[in-house]
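Participant: Just dropping this structure here.
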Amino acid sequence: MKVVVFCKSVPDTETRVRLKDNRLDKSEIKYILNPYDEYAVEEAVRMKEGGKAEEVIAISMGPERAKEALRSALAIGADRGILIKDDALDGSDTYVTAKVLVKALEKDGLEYGMLLFGQQAIDGDTWHVPGQVAEMLGLPQTGSIIKLEVDPDGGKAVANRMVEGGEEVHEMALPCVVTCRKGLNEPRYPSLPNIMKAKKKPIQEYSVSDLGFSAEDVGKAGALTEVLSYALPPQKEAGKKVEGEPEEVAQALLQYLKEEIKVI
Amino acid sequence: MGDYRGFWVFIEQLQGRVSDVGLELLGKARELADATNTYVGALLLGDFSKAKAKELISYGADKVYLFSHEKLATYHSLAYTKLVCQAVTQEKPEALFIGATPLGANLAPRVAAQLETGLSAHCVDLRLGEDGILEQIVPGFGGTMMAVIICPEKRPQMATVMPGVFPKPEPQDRQGEVISMAVEITEKDLVPRVVEFKAKEQKTVALDGASVVVCGGYGMGSKENWQLLEELARLLGGAVGATRPAVDEGWAPEEVMIGQSGKIVHPKLYIGAGVSGIMHHVVGVQDSEIIVVINKDPNAPFFQVCDFGVVGDATQVLPAFIGKLKERQKRACDFLSIETPQMNEGPYSPDSKGDSQ
Ligand SMILES: Cc1cc2nc3c(=O)[nH]c(=O)nc-3n(C[C@H](O)[C@H](O)[C@H](O)COP(=O)(O)OP(=O)(O)OC[C@H]3O[C@@H](n4cnc5c(N)ncnc54)[C@H](O)[C@@H]3O)c2cc1C
């Protein structure tokens, strides 16, 4: 069975947006493999190590830097990569992203048994691409799993997921889609030899036209949603502001809560 | 887009209990429908009677589309996707709202992909543009601005919305109809199969409904300093929340993360310490009655939206503040000559047992 893992290159600093003079400081942004995708790659590689998968393929849509995300997946132990890279893809929404990924799988002609995703990407945080891909391929899907058992011979997968009030156990026929989260496994730190080896593993690149799309089908032009504008967040009338020694400001705060708004 | 009319809400239910987010969305849909003279539709799938479905009318629905079947009591993504798409294709609503919950994150993209329509995620507001187009608001641009997202050409316009961003409407005496929909599903649609459910004691998160929230950010600096927040929350009878970086550092569990990807809170008093005030977080607290910010950077954006700002080092201001609160409580006890630190009742009185966590 072949297992496909979807990998996204995301800005590392998105988790902690730096503001410099009240503006976004982009100078120090480093890009990494989306942390949730690491759980997916780790799980796929363990399936291979456990004899349940014969090949692990890491796939990504993104600019040149997405290659680094793929290399990270290859260093964990994926066998080869697929990168869909094209300037025309800029501005794609989740629908276009899913459409392009599905087409790339088709083009590659690989017969997959499982598709693994991170449950969310830390930059866009939509959680939507896995469901869109699953629907386009007509595959069953379960999400946010903390345990996965795959039986390739029996043609099924059993996954545990946290839900309100407990844990649900899902069973699905292969091929299927699962999304991964913290708690599923502990992703390994790739060893130096494996990082070196990853540099030699093949990455197949496709452009938009390789996949039979025109520039209008993808990117901003093909997206079904668009950003109409950016608006400043709602402004409030500036409140009080105090500065000084800890004792002083603590007293002022106490006074405010006690007397002006009577909350304590 | 003339033949697409009506604002629809998918009503999420878990084990036969309707989740609040569906009702909150009905309230918002009602507002949008009234502004444009159209109707509100509620989509209810589960093992329900017509009488139960009727309750949704009192929350603002004009038409309740009821898919009732014992097999729909549990969520199966294929069956739910199929039935929701069927109803939408048949009735043509202009918009469909789904809660941004784990279930919603599974259902919404499948429905949008099948209908080939646009979908926005984790909206914190919905409004109508001049041309009647639905404007879907999410924090964007690194969280320094709000992005207004539209779906110009496809219908329905679809959005997932965070639980808690809209108030749950008061039930009213209203008229409406329940429409029983035919349920045609086969075993093949009941996928994934739920083979087991292991009930677990639910860890209640004290944040839900807390009247005081003490929230720490990355600026708290360490797990040790985090104890200051716990102590302050105890003294104020409140709960502790966290920003994403604080959760990433392991100072607080994921369940108490506040913001666009976490919880939306509505306390009477919110105190943010070492929190910068990026929109991803602010959208989760902006409906607090009073916002107090403690930050050592006088230019932190959070100061622009707070009621009371303290410029200072939280690791020094908090101990001083805690000391003063304790002093006050002690004096109150002496005054009442009681031994247990029992204070006057009220939402802000300290929880004497300190077990509100
Ligand atoms: C798609 C997406 C979704 C997100 N969702 C969320 C979400 O739901 N919730 C969330 O919180 N974040 C979320 N984030 C992250 C968000 O963008 C911010 O990075 C985060 O809110 C900032 O947290 P912070 O204020 O704790 O840290 P920082 O931005 O690092 O701010 C720390 C602040 O502490 C101050 N400080 C430092 N030391 C001290 C001290 N000793 N005393 C007082 N002040 C001090 C600093 O001046 C600074 O202002 C999301 C990001 C993305 C991209």
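Chains: A, B, ... in order of the structure tokens. Residues: from 1 per chain. Ligands: from 1, in order shown.
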Give me the residues within 7 Å of range 90-98 of chain A as a list in words, counting only C-alpha atoms and dropping any in the same chain fewer than 3 places off.
Facilitator: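 That gives Asp87, Leu101, Val102, His128, Val129, Gln132, Val133, Val218, Gly219, Lys220, Gly222, Ala223 and Thr225 of chain A; Ala113 and Gly118 of chain B.
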Participant: Save out the residues we just selected, N, CA, C and O atoms, as a PDB file, in the first residue's frame.
Facilitator:
ATOM      1  N   ASP A  87       3.763  30.260 -10.484  1.00  0.00           N
ATOM      2  CA  ASP A  87       3.391  31.610 -10.057  1.00  0.00           C
ATOM      3  C   ASP A  87       1.877  31.827 -10.126  1.00  0.00           C
ATOM      4  O   ASP A  87       1.308  32.585  -9.346  1.00  0.00           O
ATOM      5  N   LEU A 101      -4.283  19.650  -5.797  1.00  0.00           N
ATOM      6  CA  LEU A 101      -3.678  18.473  -5.160  1.00  0.00           C
ATOM      7  C   LEU A 101      -4.283  17.182  -5.722  1.00  0.00           C
ATOM      8  O   LEU A 101      -3.575  16.213  -6.006  1.00  0.00           O
ATOM      9  N   VAL A 102      -5.596  17.201  -5.917  1.00  0.00           N
ATOM     10  CA  VAL A 102      -6.280  16.019  -6.452  1.00  0.00           C
ATOM     11  C   VAL A 102      -5.775  15.713  -7.867  1.00  0.00           C
ATOM     12  O   VAL A 102      -5.497  14.559  -8.216  1.00  0.00           O
ATOM     13  N   HIS A 128      -9.879  23.049   6.281  1.00  0.00           N
ATOM     14  CA  HIS A 128     -10.813  22.654   5.231  1.00  0.00           C
ATOM     15  C   HIS A 128     -10.256  21.822   4.092  1.00  0.00           C
ATOM     16  O   HIS A 128     -10.996  21.100   3.442  1.00  0.00           O
ATOM     17  N   VAL A 129      -8.956  21.930   3.802  1.00  0.00           N
ATOM     18  CA  VAL A 129      -8.440  21.248   2.612  1.00  0.00           C
ATOM     19  C   VAL A 129      -8.636  19.713   2.660  1.00  0.00           C
ATOM     20  O   VAL A 129      -9.037  19.119   1.663  1.00  0.00           O
ATOM     21  N   GLN A 132     -12.136  18.833   1.602  1.00  0.00           N
ATOM     22  CA  GLN A 132     -12.387  19.129   0.194  1.00  0.00           C
ATOM     23  C   GLN A 132     -11.734  18.074  -0.698  1.00  0.00           C
ATOM     24  O   GLN A 132     -12.336  17.599  -1.659  1.00  0.00           O
ATOM     25  N   VAL A 133     -10.519  17.688  -0.349  1.00  0.00           N
ATOM     26  CA  VAL A 133      -9.833  16.643  -1.125  1.00  0.00           C
ATOM     27  C   VAL A 133     -10.611  15.330  -1.026  1.00  0.00           C
ATOM     28  O   VAL A 133     -10.865  14.655  -2.025  1.00  0.00           O
ATOM     29  N   VAL A 218      -6.784  28.537 -11.658  1.00  0.00           N
ATOM     30  CA  VAL A 218      -6.144  28.451 -10.345  1.00  0.00           C
ATOM     31  C   VAL A 218      -5.817  29.849  -9.802  1.00  0.00           C
ATOM     32  O   VAL A 218      -6.140  30.858 -10.434  1.00  0.00           O
ATOM     33  N   GLY A 219      -5.165  29.868  -8.639  1.00  0.00           N
ATOM     34  CA  GLY A 219      -4.746  31.142  -8.056  1.00  0.00           C
ATOM     35  C   GLY A 219      -5.938  32.020  -7.746  1.00  0.00           C
ATOM     36  O   GLY A 219      -7.047  31.534  -7.510  1.00  0.00           O
ATOM     37  N   LYS A 220      -5.688  33.310  -7.794  1.00  0.00           N
ATOM     38  CA  LYS A 220      -6.741  34.260  -7.474  1.00  0.00           C
ATOM     39  C   LYS A 220      -7.901  34.141  -8.473  1.00  0.00           C
ATOM     40  O   LYS A 220      -9.069  34.249  -8.110  1.00  0.00           O
ATOM     41  N   GLY A 222      -8.973  31.547 -10.128  1.00  0.00           N
ATOM     42  CA  GLY A 222      -9.803  30.357  -9.991  1.00  0.00           C
ATOM     43  C   GLY A 222     -10.483  30.230  -8.644  1.00  0.00           C
ATOM     44  O   GLY A 222     -11.360  29.386  -8.461  1.00  0.00           O
ATOM     45  N   ALA A 223     -10.070  31.070  -7.704  1.00  0.00           N
ATOM     46  CA  ALA A 223     -10.612  30.955  -6.345  1.00  0.00           C
ATOM     47  C   ALA A 223     -12.093  31.313  -6.319  1.00  0.00           C
ATOM     48  O   ALA A 223     -12.549  32.170  -7.078  1.00  0.00           O
ATOM     49  N   THR A 225     -13.548  32.212  -3.429  1.00  0.00           N
ATOM     50  CA  THR A 225     -13.691  33.283  -2.443  1.00  0.00           C
ATOM     51  C   THR A 225     -12.629  34.335  -2.751  1.00  0.00           C
ATOM     52  O   THR A 225     -11.620  34.032  -3.371  1.00  0.00           O
TER      53      THR A 225
ATOM     54  N   ALA B 113     -17.245  21.425  -1.353  1.00  0.00           N
ATOM     55  CA  ALA B 113     -16.583  20.807  -2.504  1.00  0.00           C
ATOM     56  C   ALA B 113     -17.613  20.172  -3.424  1.00  0.00           C
ATOM     57  O   ALA B 113     -17.534  20.309  -4.646  1.00  0.00           O
ATOM     58  N   GLY B 118     -17.671  28.510  -2.669  1.00  0.00           N
ATOM     59  CA  GLY B 118     -16.616  29.008  -1.788  1.00  0.00           C
ATOM     60  C   GLY B 118     -16.972  28.820  -0.324  1.00  0.00           C
ATOM     61  O   GLY B 118     -18.142  28.719   0.043  1.00  0.00           O
TER      62      GLY B 118
END
Participant: Show me, as a ChimeraX atom specification, every residue of chain B with an atom at most 6 Å from chain A, counting only C-alpha atoms.
Facilitator: /B:106,109-110,113,118,121,145-151,192-200,202,304-311,316-317,320-321,348
Participant: Run DSSP on the backbone and give me the residues of range 122-195 of chain A it puts in alpha helix (DSSP H), as a ChimeraX atom specification.
Facilitator: /A:129-137,192-195
Participant: Create the file for the chosen residues now, containing all heavy atoms and written as a CSV table (one decimal), in the first residue's frame.
Facilitator:
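What ended up in out-v6.csv:
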chain,number,residue,atom,x,y,z
A,129,VAL,N,-9.0,21.9,3.8
A,129,VAL,CA,-8.4,21.2,2.6
A,129,VAL,C,-8.6,19.7,2.7
A,129,VAL,O,-9.0,19.1,1.7
A,129,VAL,CB,-7.0,21.6,2.3
A,129,VAL,CG1,-6.4,20.8,1.2
A,129,VAL,CG2,-6.9,23.1,2.0
A,130,PRO,N,-8.4,19.1,3.8
A,130,PRO,CA,-8.6,17.6,3.8
A,130,PRO,C,-10.0,17.2,3.4
A,130,PRO,O,-10.2,16.2,2.6
A,130,PRO,CB,-8.3,17.2,5.3
A,130,PRO,CG,-7.5,18.3,5.8
A,130,PRO,CD,-7.9,19.6,5.1
A,131,GLY,N,-11.0,17.9,3.9
A,131,GLY,CA,-12.4,17.5,3.6
A,131,GLY,C,-12.7,17.8,2.2
A,131,GLY,O,-13.4,17.0,1.5
A,132,GLN,N,-12.1,18.8,1.6
A,132,GLN,CA,-12.4,19.1,0.2
A,132,GLN,C,-11.7,18.1,-0.7
A,132,GLN,O,-12.3,17.6,-1.7
A,132,GLN,CB,-11.9,20.5,-0.1
A,132,GLN,CG,-12.9,21.6,0.3
A,132,GLN,CD,-12.3,23.0,0.5
A,132,GLN,OE1,-11.2,23.2,1.0
A,132,GLN,NE2,-13.0,24.0,0.0
A,133,VAL,N,-10.5,17.7,-0.3
A,133,VAL,CA,-9.8,16.6,-1.1
A,133,VAL,C,-10.6,15.3,-1.0
A,133,VAL,O,-10.9,14.7,-2.0
A,133,VAL,CB,-8.4,16.5,-0.6
A,133,VAL,CG1,-7.8,15.2,-1.2
A,133,VAL,CG2,-7.5,17.7,-1.0
A,134,ALA,N,-11.0,15.0,0.2
A,134,ALA,CA,-11.7,13.7,0.4
A,134,ALA,C,-13.0,13.7,-0.4
A,134,ALA,O,-13.3,12.7,-1.1
A,134,ALA,CB,-12.1,13.5,1.9
A,135,GLU,N,-13.7,14.8,-0.4
A,135,GLU,CA,-15.0,14.8,-1.2
A,135,GLU,C,-14.8,14.8,-2.7
A,135,GLU,O,-15.4,14.0,-3.4
A,135,GLU,CB,-15.8,16.1,-0.8
A,135,GLU,CG,-17.1,16.2,-1.5
A,135,GLU,CD,-18.1,15.2,-1.0
A,135,GLU,OE1,-18.0,14.7,0.1
A,135,GLU,OE2,-19.0,14.9,-1.8
A,136,MET,N,-13.7,15.5,-3.1
A,136,MET,CA,-13.5,15.4,-4.6
A,136,MET,C,-13.1,14.0,-5.0
A,136,MET,O,-13.3,13.6,-6.2
A,136,MET,CB,-12.3,16.4,-4.9
A,136,MET,CG,-12.8,17.9,-4.9
A,136,MET,SD,-11.4,19.0,-5.1
A,136,MET,CE,-12.2,20.6,-4.6
A,137,LEU,N,-12.5,13.3,-4.1
A,137,LEU,CA,-12.1,11.9,-4.5
A,137,LEU,C,-13.1,10.9,-4.1
A,137,LEU,O,-13.0,9.7,-4.4
A,137,LEU,CB,-10.7,11.5,-3.8
A,137,LEU,CG,-9.5,12.3,-4.3
A,137,LEU,CD1,-8.3,12.1,-3.3
A,137,LEU,CD2,-9.1,11.9,-5.7
A,192,LEU,N,21.2,13.4,11.4
A,192,LEU,CA,22.0,14.1,10.4
A,192,LEU,C,22.1,13.2,9.1
A,192,LEU,O,21.9,13.7,8.0
A,192,LEU,CB,23.4,14.4,10.9
A,192,LEU,CG,24.1,15.5,10.1
A,192,LEU,CD1,23.2,16.8,10.0
A,192,LEU,CD2,25.4,15.8,10.8
A,193,PRO,N,22.5,11.9,9.2
A,193,PRO,CA,22.5,11.1,8.0
A,193,PRO,C,21.2,11.1,7.2
A,193,PRO,O,21.2,11.1,6.0
A,193,PRO,CB,22.8,9.7,8.5
A,193,PRO,CG,23.4,9.9,9.9
A,193,PRO,CD,22.9,11.2,10.4
A,194,ASN,N,20.1,11.1,7.9
A,194,ASN,CA,18.8,11.1,7.2
A,194,ASN,C,18.5,12.4,6.6
A,194,ASN,O,17.9,12.5,5.5
A,194,ASN,CB,17.7,10.7,8.2
A,194,ASN,CG,17.7,9.2,8.5
A,194,ASN,OD1,18.3,8.4,7.7
A,194,ASN,ND2,17.0,8.8,9.5
A,195,ILE,N,19.0,13.5,7.2
A,195,ILE,CA,18.9,14.8,6.6
A,195,ILE,C,19.7,14.8,5.3
A,195,ILE,O,19.2,15.4,4.2
A,195,ILE,CB,19.3,15.9,7.5
A,195,ILE,CG1,18.3,16.0,8.7
A,195,ILE,CG2,19.4,17.3,6.8
A,195,ILE,CD1,18.8,16.9,9.8
Participant: Find the distance between CA of Glu259 in chain A and CA of Asp313 in chain B and write it in Å to one decimal.
Facilitator: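 Atom-to-atom, CA of Glu259 in chain A and CA of Asp313 in chain B are spaced 23.9 Å apart.
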Participant: So that I can see what lies close to Ala95 in chain B, please list as a PyMOL selection string the residues with an atom at most 8 Å from it, counting only C-alpha atoms and leaving out residues fewer than 3 positions away in the same chain.
Facilitator: chain B and resi 5-8+134+155-158
Participant: Let me have all residues with an atom within 6 Å of ligand 1, counting only C-alpha atoms and all ligand atoms, laid out as a PyMOL selection string.
Facilitator: (chain A and resi 14-17+122-125) or (chain B and resi 142-143+217-220+243-246+257-262+273-278+280-281+294-297+300+312-315)
Participant: Enumerate, as a PyMOL selection string, the complete set of residues in range 57-264 of chain A that a backbone-based DSSP assignment places in strand (DSSP E or B).
Facilitator: chain A and resi 57-61+80-84+112-118+141-151+156-163+166-173+176-180+203-206+226-231+240-243
